[in-house]
$ cat work.pdb   # PDB, C-alpha atoms
ATOM      1  CA  PHE A   1       0.037 -29.497  40.045
ATOM      2  CA  GLY A   2       1.415 -26.359  41.595
ATOM      3  CA  PHE A   3      -1.876 -24.472  41.668
ATOM      4  CA  ILE A   4      -5.523 -25.508  41.887
ATOM      5  CA  TYR A   5      -8.413 -23.067  41.582
ATOM      6  CA  ALA A   6     -11.656 -24.968  42.104
ATOM      7  CA  ILE A   7     -14.727 -22.961  41.140
ATOM      8  CA  SER A   8     -17.900 -24.587  42.484
ATOM      9  CA  PRO A   9     -16.242 -28.016  42.597
ATOM     10  CA  CYS A  10     -18.515 -31.015  42.352
ATOM     11  CA  CYS A  11     -18.224 -34.713  42.957
ATOM     12  CA  ILE A  12     -15.741 -34.505  45.821
ATOM     13  CA  GLY A  13     -17.410 -37.279  47.813
ATOM     14  CA  PHE A  14     -20.607 -39.262  48.120
ATOM     15  CA  VAL A  15     -22.679 -36.395  49.534
ATOM     16  CA  GLY A  16     -25.562 -34.316  48.248
ATOM     17  CA  ARG A  17     -26.583 -35.279  44.700
ATOM     18  CA  THR A  18     -23.779 -37.830  44.540
ATOM     19  CA  GLY A  19     -24.853 -39.543  47.757
ATOM     20  CA  PRO A  20     -27.204 -42.523  48.020
ATOM     21  CA  SER A  21     -30.341 -41.924  45.955
ATOM     22  CA  GLN A  22     -32.642 -43.564  43.461
ATOM     23  CA  ALA A  23     -30.675 -41.821  40.689
ATOM     24  CA  TRP A  24     -27.967 -44.480  41.190
ATOM     25  CA  ALA A  25     -30.659 -47.122  40.743
ATOM     26  CA  ALA A  26     -31.772 -45.477  37.495
ATOM     27  CA  LEU A  27     -28.174 -45.355  36.275
ATOM     28  CA  SER A  28     -27.652 -49.024  37.110
ATOM     29  CA  ARG A  29     -30.535 -49.965  34.786
ATOM     30  CA  ILE A  30     -29.231 -48.332  31.604
ATOM     31  CA  LYS A  31     -27.827 -50.561  28.859
ATOM     32  CA  ARG A  32     -25.826 -47.837  27.073
ATOM     33  CA  TRP A  33     -24.885 -44.290  28.008
ATOM     34  CA  GLN A  34     -27.098 -42.748  25.317
ATOM     35  CA  ASP A  35     -30.152 -44.178  27.117
ATOM     36  CA  ALA A  36     -29.429 -42.406  30.402
ATOM     37  CA  PRO A  37     -32.230 -40.114  31.630
ATOM     38  CA  GLY A  38     -31.282 -36.484  32.199
ATOM     39  CA  ASN A  39     -31.439 -36.747  35.973
ATOM     40  CA  VAL A  40     -28.428 -39.090  36.024
ATOM     41  CA  TYR A  41     -26.043 -37.237  33.676
ATOM     42  CA  LEU A  42     -23.930 -35.988  36.581
ATOM     43  CA  LEU A  43     -23.605 -39.510  37.983
ATOM     44  CA  LEU A  44     -22.938 -40.926  34.522
ATOM     45  CA  GLY A  45     -20.105 -38.437  34.085
ATOM     46  CA  MET A  46     -18.661 -39.439  37.456
ATOM     47  CA  ALA A  47     -18.935 -43.117  36.574
ATOM     48  CA  ALA A  48     -17.199 -42.611  33.236
ATOM     49  CA  ALA A  49     -14.431 -40.557  34.840
ATOM     50  CA  LEU A  50     -13.862 -42.685  37.940
ATOM     51  CA  ASP A  51     -14.670 -46.161  36.601
ATOM     52  CA  GLY A  52     -14.308 -45.609  32.873
ATOM     53  CA  SER A  53     -14.686 -48.492  30.474
ATOM     54  CA  ARG A  54     -13.805 -48.391  26.802
ATOM     55  CA  THR A  55     -15.753 -51.559  26.102
ATOM     56  CA  ASP A  56     -18.916 -51.253  28.215
ATOM     57  CA  PRO A  57     -21.576 -49.290  26.278
ATOM     58  CA  ARG A  58     -22.590 -47.638  29.566
ATOM     59  CA  LEU A  59     -19.029 -46.162  29.886
ATOM     60  CA  PHE A  60     -18.572 -47.745  33.342
ATOM     61  CA  THR A  61     -18.469 -51.233  34.861
ATOM     62  CA  GLU A  62     -19.437 -50.799  38.513
ATOM     63  CA  LEU A  63     -21.244 -48.218  40.612
ATOM     64  CA  PRO A  64     -20.613 -47.118  44.208
ATOM     65  CA  PHE A  65     -24.194 -47.932  45.190
ATOM     66  CA  ASP A  66     -26.166 -51.118  44.624
ATOM     67  CA  VAL A  67     -29.912 -51.598  44.675
ATOM     68  CA  SER A  68     -31.337 -54.261  46.988
ATOM     69  CA  ARG A  69     -34.380 -56.396  46.189
ATOM     70  CA  ASP A  70     -36.623 -53.948  48.038
ATOM     71  CA  SER A  71     -35.197 -51.042  45.923
ATOM     72  CA  THR A  72     -33.087 -49.688  48.780
ATOM     73  CA  VAL A  73     -29.881 -48.008  47.617
ATOM     74  CA  VAL A  74     -26.918 -49.396  49.574
ATOM     75  CA  ALA A  75     -23.225 -48.574  49.504
ATOM     76  CA  ASN A  76     -20.860 -50.854  47.588
ATOM     77  CA  ALA A  77     -17.816 -50.401  49.847
ATOM     78  CA  SER A  78     -15.183 -51.814  47.485
ATOM     79  CA  VAL A  79     -16.288 -49.646  44.553
ATOM     80  CA  GLN A  80     -16.590 -46.593  46.778
ATOM     81  CA  ALA A  81     -13.047 -47.153  48.022
ATOM     82  CA  ARG A  82     -11.747 -47.386  44.445
ATOM     83  CA  TRP A  83     -13.629 -44.243  43.390
ATOM     84  CA  ARG A  84     -12.575 -42.316  46.512
ATOM     85  CA  ALA A  85      -8.951 -43.071  45.694
ATOM     86  CA  ARG A  86      -9.474 -40.988  42.541
ATOM     87  CA  MET A  87     -11.328 -38.109  44.242
ATOM     88  CA  PRO A  88      -9.578 -34.978  45.577
ATOM     89  CA  PRO A  89      -9.577 -35.841  49.329
ATOM     90  CA  ASP A  90      -7.799 -39.176  48.819
ATOM     91  CA  ARG A  91      -5.573 -37.729  46.098
ATOM     92  CA  ALA A  92      -4.417 -35.134  48.645
ATOM     93  CA  SER A  93      -3.643 -37.913  51.144
ATOM     94  CA  ALA A  94      -1.666 -39.838  48.523
ATOM     95  CA  MET A  95       0.251 -36.690  47.606
ATOM     96  CA  VAL A  96       1.267 -36.166  51.251
ATOM     97  CA  ARG A  97       2.274 -39.846  51.616
ATOM     98  CA  ARG A  98       4.544 -39.494  48.565
ATOM     99  CA  GLY A  99       6.113 -36.368  50.016
ATOM    100  CA  VAL A 100       4.932 -34.189  47.150
ATOM    101  CA  ARG A 101       4.842 -30.472  47.900
ATOM    102  CA  PRO A 102       1.187 -29.398  48.224
ATOM    103  CA  PRO A 103      -0.105 -27.045  45.542
ATOM    104  CA  MET A 104      -1.652 -23.690  46.272
ATOM    105  CA  ILE A 105      -5.369 -24.465  46.590
ATOM    106  CA  VAL A 106      -8.187 -21.954  46.192
ATOM    107  CA  MET A 107     -11.816 -23.057  46.346
ATOM    108  CA  GLU A 108     -14.919 -20.977  45.912
ATOM    109  CA  SER A 109     -18.626 -21.587  45.685
ATOM    110  CA  GLY A 110     -21.899 -19.749  45.990
ATOM    111  CA  SER A 111     -23.797 -19.431  49.242
ATOM    112  CA  GLU A 112     -26.787 -21.123  47.589
ATOM    113  CA  GLU A 113     -24.802 -24.154  46.392
ATOM    114  CA  THR A 114     -25.660 -26.169  49.477
ATOM    115  CA  GLU A 115     -24.985 -29.590  47.950
ATOM    116  CA  LEU A 116     -21.619 -28.540  46.513
ATOM    117  CA  ARG A 117     -20.700 -27.043  49.886
ATOM    118  CA  LEU A 118     -21.197 -30.509  51.427
ATOM    119  CA  GLY A 119     -18.452 -31.886  49.183
ATOM    120  CA  ILE A 120     -16.213 -28.910  49.891
ATOM    121  CA  GLU A 121     -16.632 -29.620  53.615
ATOM    122  CA  VAL A 122     -15.390 -33.179  52.998
ATOM    123  CA  LEU A 123     -12.340 -31.828  51.168
ATOM    124  CA  ARG A 124     -11.680 -29.129  53.770
ATOM    125  CA  ALA A 125     -11.771 -31.709  56.564
ATOM    126  CA  ARG A 126      -9.219 -33.863  54.746
ATOM    127  CA  LEU A 127      -6.948 -30.920  53.915
ATOM    128  CA  ASP A 128      -7.151 -29.752  57.532
ATOM    129  CA  SER A 129      -6.259 -33.230  58.807
ATOM    130  CA  LEU A 130      -3.236 -33.283  56.492
ATOM    131  CA  GLY A 131      -2.116 -29.777  57.421
ATOM    132  CA  ILE A 132      -2.512 -28.557  53.830
ATOM    133  CA  ARG A 133      -3.283 -24.851  53.559
ATOM    134  CA  TYR A 134      -6.012 -23.571  51.265
ATOM    135  CA  ALA A 135      -8.308 -20.622  50.709
ATOM    136  CA  ASP A 136     -12.067 -21.199  50.666
ATOM    137  CA  THR A 137     -14.356 -18.361  49.623
ATOM    138  CA  THR A 138     -18.134 -18.254  49.554
ATOM    139  CA  PHE A 139     -19.739 -15.643  47.324
ATOM    140  CA  THR A 140     -23.373 -14.615  47.430
ATOM    141  CA  GLY A 141     -25.429 -16.545  44.895
ATOM    142  CA  GLY A 142     -25.776 -19.864  43.166
ATOM    143  CA  HIS A 143     -23.889 -21.998  40.680
ATOM    144  CA  ILE A 144     -24.267 -19.762  37.633
ATOM    145  CA  ASP A 145     -24.434 -16.422  39.421
ATOM    146  CA  ARG A 146     -21.651 -13.879  39.085
ATOM    147  CA  VAL A 147     -19.557 -16.122  36.802
ATOM    148  CA  ARG A 148     -17.986 -13.290  34.797
ATOM    149  CA  GLU A 149     -17.199 -11.364  37.968
ATOM    150  CA  ARG A 150     -15.679 -14.407  39.690
ATOM    151  CA  PHE A 151     -13.489 -15.192  36.679
ATOM    152  CA  THR A 152     -12.352 -11.656  35.859
ATOM    153  CA  GLN A 153     -12.048 -10.180  39.350
ATOM    154  CA  HIS A 154     -10.992 -13.221  41.361
ATOM    155  CA  MET A 155      -9.799 -16.311  39.475
ATOM    156  CA  LEU A 156      -7.715 -14.705  36.704
ATOM    157  CA  PRO A 157      -5.950 -12.197  39.005
ATOM    158  CA  THR A 158      -5.184 -14.969  41.513
ATOM    159  CA  VAL A 159      -3.763 -17.267  38.842
ATOM    160  CA  GLY A 160      -1.825 -14.358  37.291
ATOM    161  CA  LYS A 161      -0.307 -13.454  40.650
ATOM    162  CA  TRP A 162       0.726 -17.065  41.237
ATOM    163  CA  PHE A 163       2.438 -17.250  37.812
ATOM    164  CA  ALA A 164       4.158 -13.897  38.378
ATOM    165  CA  GLU A 165       5.704 -15.229  41.581
ATOM    166  CA  ARG A 166       7.251 -18.218  39.790
TER
END
$ encode --input "work.pdb" --output "structure tokens"
Amino acid sequence: FGFIYAISPCCIGFVGRTGPSQAWAALSRIKRWQDAPGNVYLLLGMAAALDGSRTDPRLFTELPFDVSRDSTVVANASVQARWRARMPPDRASAMVRRGVRPPMIVMESGSEETELRLGIEVLRARLDSLGIRYADTTFTGGHIDRVRERFTQHMLPTVGKWFAER
């Protein structure tokens, strides 16, 4: 990619809602994806995207957190490593190792999106460590606030400018 514009990006690491929680335990108990309770849809989507299975009716085979006998949620290091390899921070590292020219990266999120900001901090730390430049903007509001304004006054002009310079 030559250009990435991430608007309120989610699922960048195992932090916030995607960190260790009983929601992973609930997801581990489902037999098929249609049976998933609403509170695990985000995690189900991550599992399908990062550990997708065409044959397992759950849409995934393994999860990054296991549940111990006493119901404690514990990290599954090997699965987490495999999933992280497919998440933006590790993808950026792989891109640098291959000598690929970094894309222009613009991230933005609302000031009230505290859990998403945790993931953005993970990505920013990795980009900083790799010397990859990016822009990170915080607007006032939450996840669904000011969407039209952000698209029409920020995202589309930024993308248009990038294309015009090519």
$ closest_residue --input "work.pdb" --among "A:Ala94, A:Ala6, A:Ala26, A:Ala75" --to "Tyr134 in chain A" --atoms "all atoms listed in the file"
A:Ala6
$ resolve_selection --input "work.pdb" --expression "the PyMOL selection byres ((chain A and resi 99-113) around 12)" --output "compact mmCIF listing (two decimals) with C-alpha atoms, keeping the file's coordinate frame"
# COMPACT_ATOMS: atom_id res chain seq x y z
CA PHE A 1 0.04 -29.50 40.04
CA GLY A 2 1.42 -26.36 41.60
CA PHE A 3 -1.88 -24.47 41.67
CA ILE A 4 -5.52 -25.51 41.89
CA TYR A 5 -8.41 -23.07 41.58
CA ALA A 6 -11.66 -24.97 42.10
CA ILE A 7 -14.73 -22.96 41.14
CA SER A 8 -17.90 -24.59 42.48
CA PRO A 9 -16.24 -28.02 42.60
CA CYS A 10 -18.52 -31.02 42.35
CA GLY A 16 -25.56 -34.32 48.25
CA ARG A 17 -26.58 -35.28 44.70
CA PRO A 88 -9.58 -34.98 45.58
CA ARG A 91 -5.57 -37.73 46.10
CA ALA A 92 -4.42 -35.13 48.64
CA SER A 93 -3.64 -37.91 51.14
CA ALA A 94 -1.67 -39.84 48.52
CA MET A 95 0.25 -36.69 47.61
CA VAL A 96 1.27 -36.17 51.25
CA ARG A 97 2.27 -39.85 51.62
CA ARG A 98 4.54 -39.49 48.56
CA THR A 114 -25.66 -26.17 49.48
CA GLU A 115 -24.98 -29.59 47.95
CA LEU A 116 -21.62 -28.54 46.51
CA ARG A 117 -20.70 -27.04 49.89
CA LEU A 118 -21.20 -30.51 51.43
CA GLY A 119 -18.45 -31.89 49.18
CA ILE A 120 -16.21 -28.91 49.89
CA GLU A 121 -16.63 -29.62 53.62
CA LEU A 123 -12.34 -31.83 51.17
CA ARG A 124 -11.68 -29.13 53.77
CA LEU A 127 -6.95 -30.92 53.92
CA LEU A 130 -3.24 -33.28 56.49
CA GLY A 131 -2.12 -29.78 57.42
CA ILE A 132 -2.51 -28.56 53.83
CA ARG A 133 -3.28 -24.85 53.56
CA TYR A 134 -6.01 -23.57 51.26
CA ALA A 135 -8.31 -20.62 50.71
CA ASP A 136 -12.07 -21.20 50.67
CA THR A 137 -14.36 -18.36 49.62
CA THR A 138 -18.13 -18.25 49.55
CA PHE A 139 -19.74 -15.64 47.32
CA THR A 140 -23.37 -14.62 47.43
CA GLY A 141 -25.43 -16.55 44.90
CA GLY A 142 -25.78 -19.86 43.17
CA HIS A 143 -23.89 -22.00 40.68
CA ILE A 144 -24.27 -19.76 37.63
CA ASP A 145 -24.43 -16.42 39.42
CA ARG A 146 -21.65 -13.88 39.08
CA VAL A 147 -19.56 -16.12 36.80
CA ARG A 150 -15.68 -14.41 39.69
CA PHE A 151 -13.49 -15.19 36.68
CA HIS A 154 -10.99 -13.22 41.36
CA MET A 155 -9.80 -16.31 39.48
CA LEU A 156 -7.72 -14.70 36.70
CA THR A 158 -5.18 -14.97 41.51
CA VAL A 159 -3.76 -17.27 38.84
CA LYS A 161 -0.31 -13.45 40.65
CA TRP A 162 0.73 -17.07 41.24
CA PHE A 163 2.44 -17.25 37.81
$ resolve_selection --input "work.pdb" --expression "the PyMOL selection byres ((chain A and resi 66) around 12)" --output "PyMOL selection string"
chain A and resi 20-29+62-65+67-80
$ resolve_selection --input "work.pdb" --expression "the PyMOL selection byres ((chain A and resi 13) around 8)" --output "PyMOL selection string"
chain A and resi 11-12+14-15+18-19+84+87+119+122
$ write_last_selection --input "work.pdb" --atoms "C-alpha atoms" --output "compact mmCIF listing (two decimals), keeping the file's coordinate frame"
# COMPACT_ATOMS: atom_id res chain seq x y z
CA CYS A 11 -18.22 -34.71 42.96
CA ILE A 12 -15.74 -34.51 45.82
CA PHE A 14 -20.61 -39.26 48.12
CA VAL A 15 -22.68 -36.40 49.53
CA THR A 18 -23.78 -37.83 44.54
CA GLY A 19 -24.85 -39.54 47.76
CA ARG A 84 -12.58 -42.32 46.51
CA MET A 87 -11.33 -38.11 44.24
CA GLY A 119 -18.45 -31.89 49.18
CA VAL A 122 -15.39 -33.18 53.00
$ residues_near_point --input "work.pdb" --point "(-26.5, -47.9, 32.7)" --cutoff "12 Å" --atoms "all atoms listed in the file" --output "ChimeraX atom specification"
/A:23-37,40-41,43-45,47-48,56-63
$ atom_distance --input "work.pdb" --atom1 "CA of Arg82 in chain A" --atom2 "CA of Asn39 in chain A"
23.9 Å
$ atom_distance --input "work.pdb" --atom1 "CA of Pro89 in chain A" --atom2 "CA of Arg126 in chain A"
5.8 Å
